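Note: the block below is work32.txt and it holds compact mmCIF, C-alpha atoms.
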# COMPACT_ATOMS: atom_id res chain seq x y z
CA GLN A 88 92.48 92.51 124.48
CA SER A 89 93.98 94.79 121.88
CA VAL A 90 91.50 97.54 121.13
CA LEU A 91 91.50 101.15 119.99
CA THR A 92 88.35 102.80 121.29
CA GLN A 93 86.68 105.67 119.48
CA PRO A 94 83.32 107.34 120.20
CA PRO A 95 80.70 106.02 117.76
CA SER A 96 79.62 109.49 116.77
CA VAL A 97 80.37 113.19 117.18
CA SER A 98 78.66 116.22 115.74
CA GLY A 99 79.14 119.93 115.33
CA ALA A 100 77.80 122.92 113.51
CA PRO A 101 79.59 124.48 110.55
CA GLY A 102 82.54 126.54 111.71
CA GLN A 103 82.84 124.77 115.05
CA ARG A 104 85.65 122.61 116.39
CA VAL A 105 85.29 118.91 117.16
CA THR A 106 87.67 116.32 118.50
CA ILE A 107 87.66 112.56 118.08
CA SER A 108 89.48 110.49 120.66
CA CYS A 109 91.27 107.19 120.18
CA THR A 110 92.04 105.34 123.40
CA GLY A 111 94.47 102.46 123.39
CA SER A 112 96.71 100.70 125.86
CA SER A 113 100.30 99.90 126.77
CA SER A 114 100.54 97.42 123.90
CA ASN A 115 99.85 99.98 121.19
CA ILE A 116 99.68 103.77 121.60
CA GLY A 117 101.17 103.62 125.09
CA ALA A 118 104.10 101.61 123.77
CA GLY A 119 105.10 104.56 121.64
CA TYR A 120 103.70 103.47 118.30
CA ASP A 121 102.52 106.13 115.92
CA VAL A 122 98.84 106.88 115.43
CA HIS A 123 97.41 107.59 112.01
CA TRP A 124 93.98 108.88 111.03
CA TYR A 125 91.79 108.21 108.00
CA GLN A 126 88.69 109.86 106.60
CA GLN A 127 86.16 107.69 104.79
CA VAL A 128 83.22 109.03 102.87
CA PRO A 129 80.63 106.22 102.57
CA GLY A 130 81.12 104.16 99.43
CA THR A 131 84.74 105.20 98.97
CA ALA A 132 88.12 103.97 100.17
CA PRO A 133 89.63 105.51 103.31
CA LYS A 134 91.88 108.49 102.76
CA LEU A 135 94.96 109.18 104.89
CA LEU A 136 94.37 112.33 106.93
CA ILE A 137 97.10 112.37 109.58
CA TYR A 138 100.22 110.21 109.80
CA GLY A 139 102.83 109.88 112.49
CA ASN A 140 100.53 111.35 115.17
CA ASN A 141 100.45 114.91 113.86
CA ASN A 142 101.59 115.14 110.25
CA ARG A 143 99.36 116.03 107.33
CA PRO A 144 99.89 114.56 103.87
CA SER A 145 100.10 117.03 101.05
CA GLY A 146 96.67 118.39 100.20
CA VAL A 147 95.06 117.89 103.61
CA PRO A 148 93.84 121.22 105.00
CA ASP A 149 95.44 122.53 108.17
CA ARG A 150 91.98 122.47 109.76
CA PHE A 151 92.85 118.86 110.57
CA SER A 152 95.38 118.15 113.31
CA GLY A 153 96.43 115.22 115.43
CA SER A 154 97.88 114.76 118.87
CA LYS A 155 99.00 111.94 121.08
CA SER A 156 99.55 111.61 124.81
CA GLY A 157 100.11 108.51 126.88
CA THR A 158 97.77 105.77 125.73
CA SER A 159 95.46 108.07 123.75
CA ALA A 160 95.39 110.15 120.62
CA ALA A 161 92.99 112.70 119.22
CA LEU A 162 91.98 114.17 115.90
CA ALA A 163 90.84 117.78 115.93
CA ILE A 164 88.89 119.43 113.16
CA THR A 165 88.42 123.19 113.27
CA GLY A 166 86.18 125.33 111.11
CA LEU A 167 83.85 122.41 110.38
CA GLN A 168 82.58 122.24 106.83
CA PRO A 169 79.73 120.17 105.39
CA GLU A 170 82.19 118.11 103.35
CA ASP A 171 83.86 116.95 106.58
CA GLU A 172 80.87 114.72 107.24
CA ALA A 173 82.37 111.22 107.06
CA ASP A 174 83.65 108.31 109.13
CA TYR A 175 87.02 108.69 110.82
CA TYR A 176 89.34 105.86 111.88
CA CYS A 177 92.50 105.78 113.97
CA HIS A 178 95.24 103.21 113.37
CA SER A 179 98.24 102.04 115.33
CA TYR A 180 100.48 99.03 115.71
CA ASP A 181 99.87 96.55 118.51
CA THR A 182 102.54 94.32 119.98
CA SER A 183 100.08 91.76 121.35
CA LEU A 184 98.52 91.41 117.90
CA SER A 185 101.90 91.77 116.18
CA GLY A 186 100.03 93.76 113.62
CA VAL A 187 97.79 96.65 112.74
CA LEU A 188 94.89 97.79 114.87
CA PHE A 189 92.10 100.09 113.74
CA GLY A 190 89.71 101.97 115.95
CA GLY A 191 86.04 101.17 115.57
CA GLY A 192 85.41 104.39 113.70
CA THR A 193 83.59 107.62 114.49
CA LYS A 194 80.81 109.09 112.39
CA LEU A 195 81.04 112.86 112.16
CA THR A 196 77.79 114.68 111.48
CA VAL A 197 77.88 118.34 110.47
CA LEU A 198 74.64 119.79 111.74
CA GLN B 118 102.40 107.69 91.97
CA VAL B 119 101.50 104.11 92.83
CA GLN B 120 97.97 103.01 91.96
CA LEU B 121 96.21 99.90 93.21
CA GLN B 122 93.30 98.04 91.69
CA GLU B 123 91.62 95.06 93.33
CA SER B 124 89.87 92.38 91.33
CA GLY B 125 88.25 89.02 91.88
CA PRO B 126 84.94 87.18 91.98
CA GLY B 127 82.17 89.10 93.66
CA LEU B 128 80.48 85.93 94.88
CA VAL B 129 82.05 82.98 96.69
CA LYS B 130 80.29 79.93 98.08
CA PRO B 131 80.59 79.01 101.76
CA SER B 132 83.52 76.69 102.58
CA GLU B 133 85.30 77.66 99.35
CA THR B 134 88.43 79.79 98.93
CA LEU B 135 88.26 83.51 98.23
CA SER B 136 90.97 84.69 95.84
CA LEU B 137 91.65 88.34 95.12
CA THR B 138 94.39 90.16 93.27
CA CYS B 139 95.67 93.70 93.54
CA THR B 140 97.32 95.14 90.44
CA VAL B 141 100.12 97.54 91.24
CA SER B 142 100.92 100.24 88.70
CA GLY B 143 103.10 103.32 88.69
CA ASP B 144 105.96 101.83 90.66
CA SER B 145 107.81 98.60 91.28
CA ILE B 146 106.03 96.01 93.38
CA SER B 147 109.36 95.06 94.88
CA ASN B 148 110.72 96.45 98.13
CA SER B 149 107.35 97.50 99.50
CA TYR B 150 104.97 96.16 102.10
CA TRP B 151 101.57 95.19 100.73
CA THR B 152 98.50 94.93 102.93
CA TRP B 153 94.94 93.63 102.73
CA ILE B 154 92.20 95.27 104.79
CA ARG B 155 88.51 94.47 104.78
CA GLN B 156 85.31 96.20 105.83
CA PRO B 157 81.94 94.48 106.31
CA ALA B 158 78.99 96.61 105.30
CA GLY B 159 78.28 99.27 107.91
CA LYS B 160 81.23 98.21 110.06
CA GLY B 161 84.81 99.23 110.69
CA LEU B 162 88.12 98.36 109.10
CA GLU B 163 89.84 95.05 109.83
CA TRP B 164 93.50 94.38 109.05
CA ILE B 165 93.92 91.02 107.34
CA GLY B 166 97.69 91.01 107.00
CA ARG B 167 100.71 92.29 105.17
CA PHE B 168 103.24 90.73 102.82
CA TYR B 169 106.93 91.37 102.48
CA PRO B 170 109.45 88.65 101.70
CA GLY B 171 110.74 87.43 105.04
CA ASP B 172 108.45 89.72 107.03
CA THR B 173 104.89 88.59 106.36
CA SER B 174 102.33 88.77 109.16
CA TYR B 175 98.65 87.98 109.43
CA ASN B 176 95.86 88.89 111.80
CA PRO B 177 95.85 86.10 114.41
CA SER B 178 92.09 85.76 114.03
CA LEU B 179 92.50 84.88 110.33
CA LYS B 180 96.00 83.45 110.25
CA SER B 181 95.00 79.80 109.80
CA ARG B 182 93.02 80.66 106.64
CA VAL B 183 95.09 83.41 104.98
CA THR B 184 97.84 83.29 102.39
CA MET B 185 99.36 86.32 100.70
CA SER B 186 101.83 86.41 97.86
CA VAL B 187 103.39 88.65 95.24
CA ASP B 188 103.98 87.93 91.56
CA ARG B 189 106.67 90.41 90.58
CA SER B 190 106.53 89.52 86.90
CA LYS B 191 102.89 90.59 86.74
CA SER B 192 102.96 93.26 89.47
CA LEU B 193 100.22 91.43 91.32
CA PHE B 194 99.62 91.15 95.05
CA SER B 195 97.29 88.31 95.97
CA LEU B 196 95.08 87.20 98.83
CA ARG B 197 93.68 83.74 99.43
CA LEU B 198 91.21 83.17 102.26
CA SER B 199 90.07 79.60 102.71
CA SER B 200 86.94 78.05 104.25
CA VAL B 201 84.93 81.24 103.94
CA THR B 202 81.65 81.87 105.71
CA ALA B 203 79.10 84.66 105.57
CA ALA B 204 81.22 86.52 108.14
CA ASP B 205 83.84 87.02 105.42
CA THR B 206 81.43 89.09 103.32
CA ALA B 207 83.02 92.51 103.03
CA VAL B 208 84.68 95.09 100.84
CA TYR B 209 88.33 94.09 100.49
CA TYR B 210 91.01 96.75 100.05
CA CYS B 211 94.68 96.47 99.20
CA ALA B 212 96.88 99.23 100.53
CA THR B 213 100.49 100.21 100.95
CA TYR B 214 102.56 102.50 103.13
CA GLY B 215 103.77 105.94 102.21
CA SER B 216 107.42 106.81 102.47
CA GLY B 217 108.86 107.12 105.95
CA SER B 218 105.73 105.97 107.77
CA ASP B 219 103.63 102.89 108.38
CA ALA B 220 100.44 104.76 107.57
CA PHE B 221 98.42 103.49 104.63
CA GLU B 222 98.92 106.30 102.16
CA ILE B 223 97.72 104.48 99.07
CA TRP B 224 94.52 102.42 98.80
CA GLY B 225 92.76 100.60 96.04
CA GLN B 226 89.12 101.42 95.44
CA GLY B 227 88.03 98.16 97.06
CA THR B 228 86.17 95.13 95.77
CA MET B 229 82.99 93.71 97.27
CA VAL B 230 82.95 90.00 98.04
CA THR B 231 79.76 88.23 99.09
CA VAL B 232 79.84 84.75 100.57
CA SER B 233 76.61 82.99 99.75
CA SER B 234 75.35 79.76 98.25
As structure tokens, the full file:
Amino acid sequence: QSVLTQPPSVSGAPGQRVTISCTGSSSNIGAGYDVHWYQQVPGTAPKLLIYGNNNRPSGVPDRFSGSKSGTSAALAITGLQPEDEADYYCHSYDTSLSGVLFGGGTKLTVL
Amino acid sequence: QVQLQESGPGLVKPSETLSLTCTVSGDSISNSYWTWIRQPAGKGLEWIGRFYPGDTSYNPSLKSRVTMSVDRSKSLFSLRLSSVTAADTAVYYCATYGSGSDAFEIWGQGTMVTVSS
């Protein structure tokens, strides 16, 4: 089954570093497809945070970075700030689905 | 900068057809891929499908009930989802890619649709 698996929740204190993993398979991330990341504050539309595995759109702070290796990807956030508290989603293409796959989402709590 | 605005009825009866439109402004609706994504309350994002002439694809789990289309004269991107049930209750977003990537750079603000009698 085509799935991108994310931890349901992560947390960290202000100023700390956290990472959010996104584990896929040979039909999506492992097949070489790009991974993208979105930030969603409750009640608002998702916002593109990282595209093409490790690229930041204009305006996204360099505290946010992405990486990809094998069948997994990760989003790292350094220097945590209270406004980083949100839900984060990964996204890739899946050949079995012949379409877009989203991870289940990770809720980041800034302690 | 492209802007997207979803619209449609907030309430649909079970077994009926949900119809939503996405108004595209700020750029031509032609030569772009247009996507619908939905999100049930408290849950994650679900890709519904994307439209491009000759290259349209739908989520296999919804394919039998989904139709997408574009009206270039009105700059509208539309979604029709037939035989709806309570499981189709969600916020529906339209979105499009940025340049040089298949990431969803531009999103509408979303429209809530409730399926209930």
So, with all atoms listed in the file as the atoms that count, which of B:Val129, B:Ile154, B:Val183, B:Cys139 lies closest to Ser233 (chain B)? B:Val129
Excluding Asn140 (chain A) and its own-chain neighbours fewer than 5 positions away, which residues fall within 10 Å of it when counting all atoms listed in the file? Please give them as number ranges by chain. A: 116, 120-124, 152-156, 160-162, 177-179
Could you pull out every residue with an atom within 8 Å of (83.9, 88.5, 103.2), file coordinates, counting only C-alpha atoms, and send them as a PDB file with C-alpha atoms, keeping the file's coordinate frame?
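Below is the file selection-v8.pdb, written as the result:
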ATOM      1  CA  ARG B 155      88.510  94.470 104.780  1.00  0.00           C
ATOM      2  CA  PRO B 157      81.940  94.480 106.310  1.00  0.00           C
ATOM      3  CA  VAL B 201      84.930  81.240 103.940  1.00  0.00           C
ATOM      4  CA  THR B 202      81.650  81.870 105.710  1.00  0.00           C
ATOM      5  CA  ALA B 203      79.100  84.660 105.570  1.00  0.00           C
ATOM      6  CA  ALA B 204      81.220  86.520 108.140  1.00  0.00           C
ATOM      7  CA  ASP B 205      83.840  87.020 105.420  1.00  0.00           C
ATOM      8  CA  THR B 206      81.430  89.090 103.320  1.00  0.00           C
ATOM      9  CA  ALA B 207      83.020  92.510 103.030  1.00  0.00           C
ATOM     10  CA  VAL B 208      84.680  95.090 100.840  1.00  0.00           C
ATOM     11  CA  TYR B 209      88.330  94.090 100.490  1.00  0.00           C
ATOM     12  CA  MET B 229      82.990  93.710  97.270  1.00  0.00           C
ATOM     13  CA  VAL B 230      82.950  90.000  98.040  1.00  0.00           C
ATOM     14  CA  THR B 231      79.760  88.230  99.090  1.00  0.00           C
ATOM     15  CA  VAL B 232      79.840  84.750 100.570  1.00  0.00           C
TER      16      VAL B 232
END
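Our summary of the geometry notes that CA of Ser89 (chain A) is positioned 23.4 Å from CA of Glu222 (chain B).
Taking only C-alpha atoms into account, Ser181 (chain B) lies nearest to B:Ser200 out of the set B:Thr228, B:Ser200, B:Ser145, B:Ser195.
Here the question is which of B:Ala220, B:Cys211, B:Leu121, B:Leu128 gets nearest to Val141 (chain B) using all atoms listed in the file, and that residue is B:Leu121.
Separating CA of Pro126 (chain B) from CA of Leu196 (chain B) is a distance of 12.2 Å.
Reported to one decimal place, the separation of CA of Asp174 (chain A) from CA of Leu188 (chain A) is 16.4 Å.
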Any idea which chain A residues end up within 7 Å of chain B if we count all atoms listed in the file, as a PDB file with C-alpha atoms, keeping the file's coordinate frame please?
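Once everything was written out, this is iface-v8.pdb:
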ATOM      1  CA  HIS A 123      97.410 107.590 112.010  1.00  0.00           C
ATOM      2  CA  THR A 131      84.740 105.200  98.970  1.00  0.00           C
ATOM      3  CA  ALA A 132      88.120 103.970 100.170  1.00  0.00           C
ATOM      4  CA  LEU A 135      94.960 109.180 104.890  1.00  0.00           C
ATOM      5  CA  TYR A 138     100.220 110.210 109.800  1.00  0.00           C
ATOM      6  CA  GLY A 139     102.830 109.880 112.490  1.00  0.00           C
ATOM      7  CA  LEU A 184      98.520  91.410 117.900  1.00  0.00           C
ATOM      8  CA  GLY A 186     100.030  93.760 113.620  1.00  0.00           C
ATOM      9  CA  VAL A 187      97.790  96.650 112.740  1.00  0.00           C
ATOM     10  CA  LEU A 188      94.890  97.790 114.870  1.00  0.00           C
ATOM     11  CA  PHE A 189      92.100 100.090 113.740  1.00  0.00           C
ATOM     12  CA  GLY A 191      86.040 101.170 115.570  1.00  0.00           C
ATOM     13  CA  GLY A 192      85.410 104.390 113.700  1.00  0.00           C
TER      14      GLY A 192
END
Near-Ile164 (chain A) list (7 Å; all atoms listed in the file; drop same-chain fewer than 2 positions) as a list in words: Arg104, Val105, Thr106, Arg150, Phe151, Ser152, Leu162, Gly166 and Leu167 of chain A
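The nearest approach to Asp144 (chain B) among the residues B:Gly125, B:Phe168, B:Thr213, B:Thr184, with all atoms listed in the file taken into account, belongs to B:Thr213.
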For each of B:Ser199, B:Ser234, B:Thr140, B:Thr173, take the minimum atom-to-atom distance to Gln120 (chain B), counting all atoms listed in the file, then give the residue where this is smallest. B:Thr140
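With all atoms listed in the file as the atoms that count, the minimum distance from Thr165 (chain A) to the choices A:Asn142, A:Gln93, A:Asp149, A:Tyr180 is reached by A:Asp149.
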Name the residues in contact with Ser113 (chain A) at a cut-off of 10 Å, using all atoms listed in the file, excluding same-chain residues fewer than 5 positions from it; report them as a list in words. Ser89, Ala118, Gly119, Tyr120, Gly157, Thr158, Ser159, Asp181, Thr182 and Ser183 of chain A
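The environment of Pro170 (chain B) within 12 Å, counting only C-alpha atoms and disregarding residues fewer than 4 places along the same chain, consists of Ile146, Ser147, Asn148, Ser149, Tyr150, Trp151, Ser174, Met185, Ser186, Val187, Asp188 and Arg189 of chain B.
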With only C-alpha atoms as the counted atoms, please give the residues lying no more than 6 Å from Tyr125 (chain A), apart from itself and same-chain residues fewer than 3 positions off, as a PyMOL selection string. chain A and resi 133-136+175-176
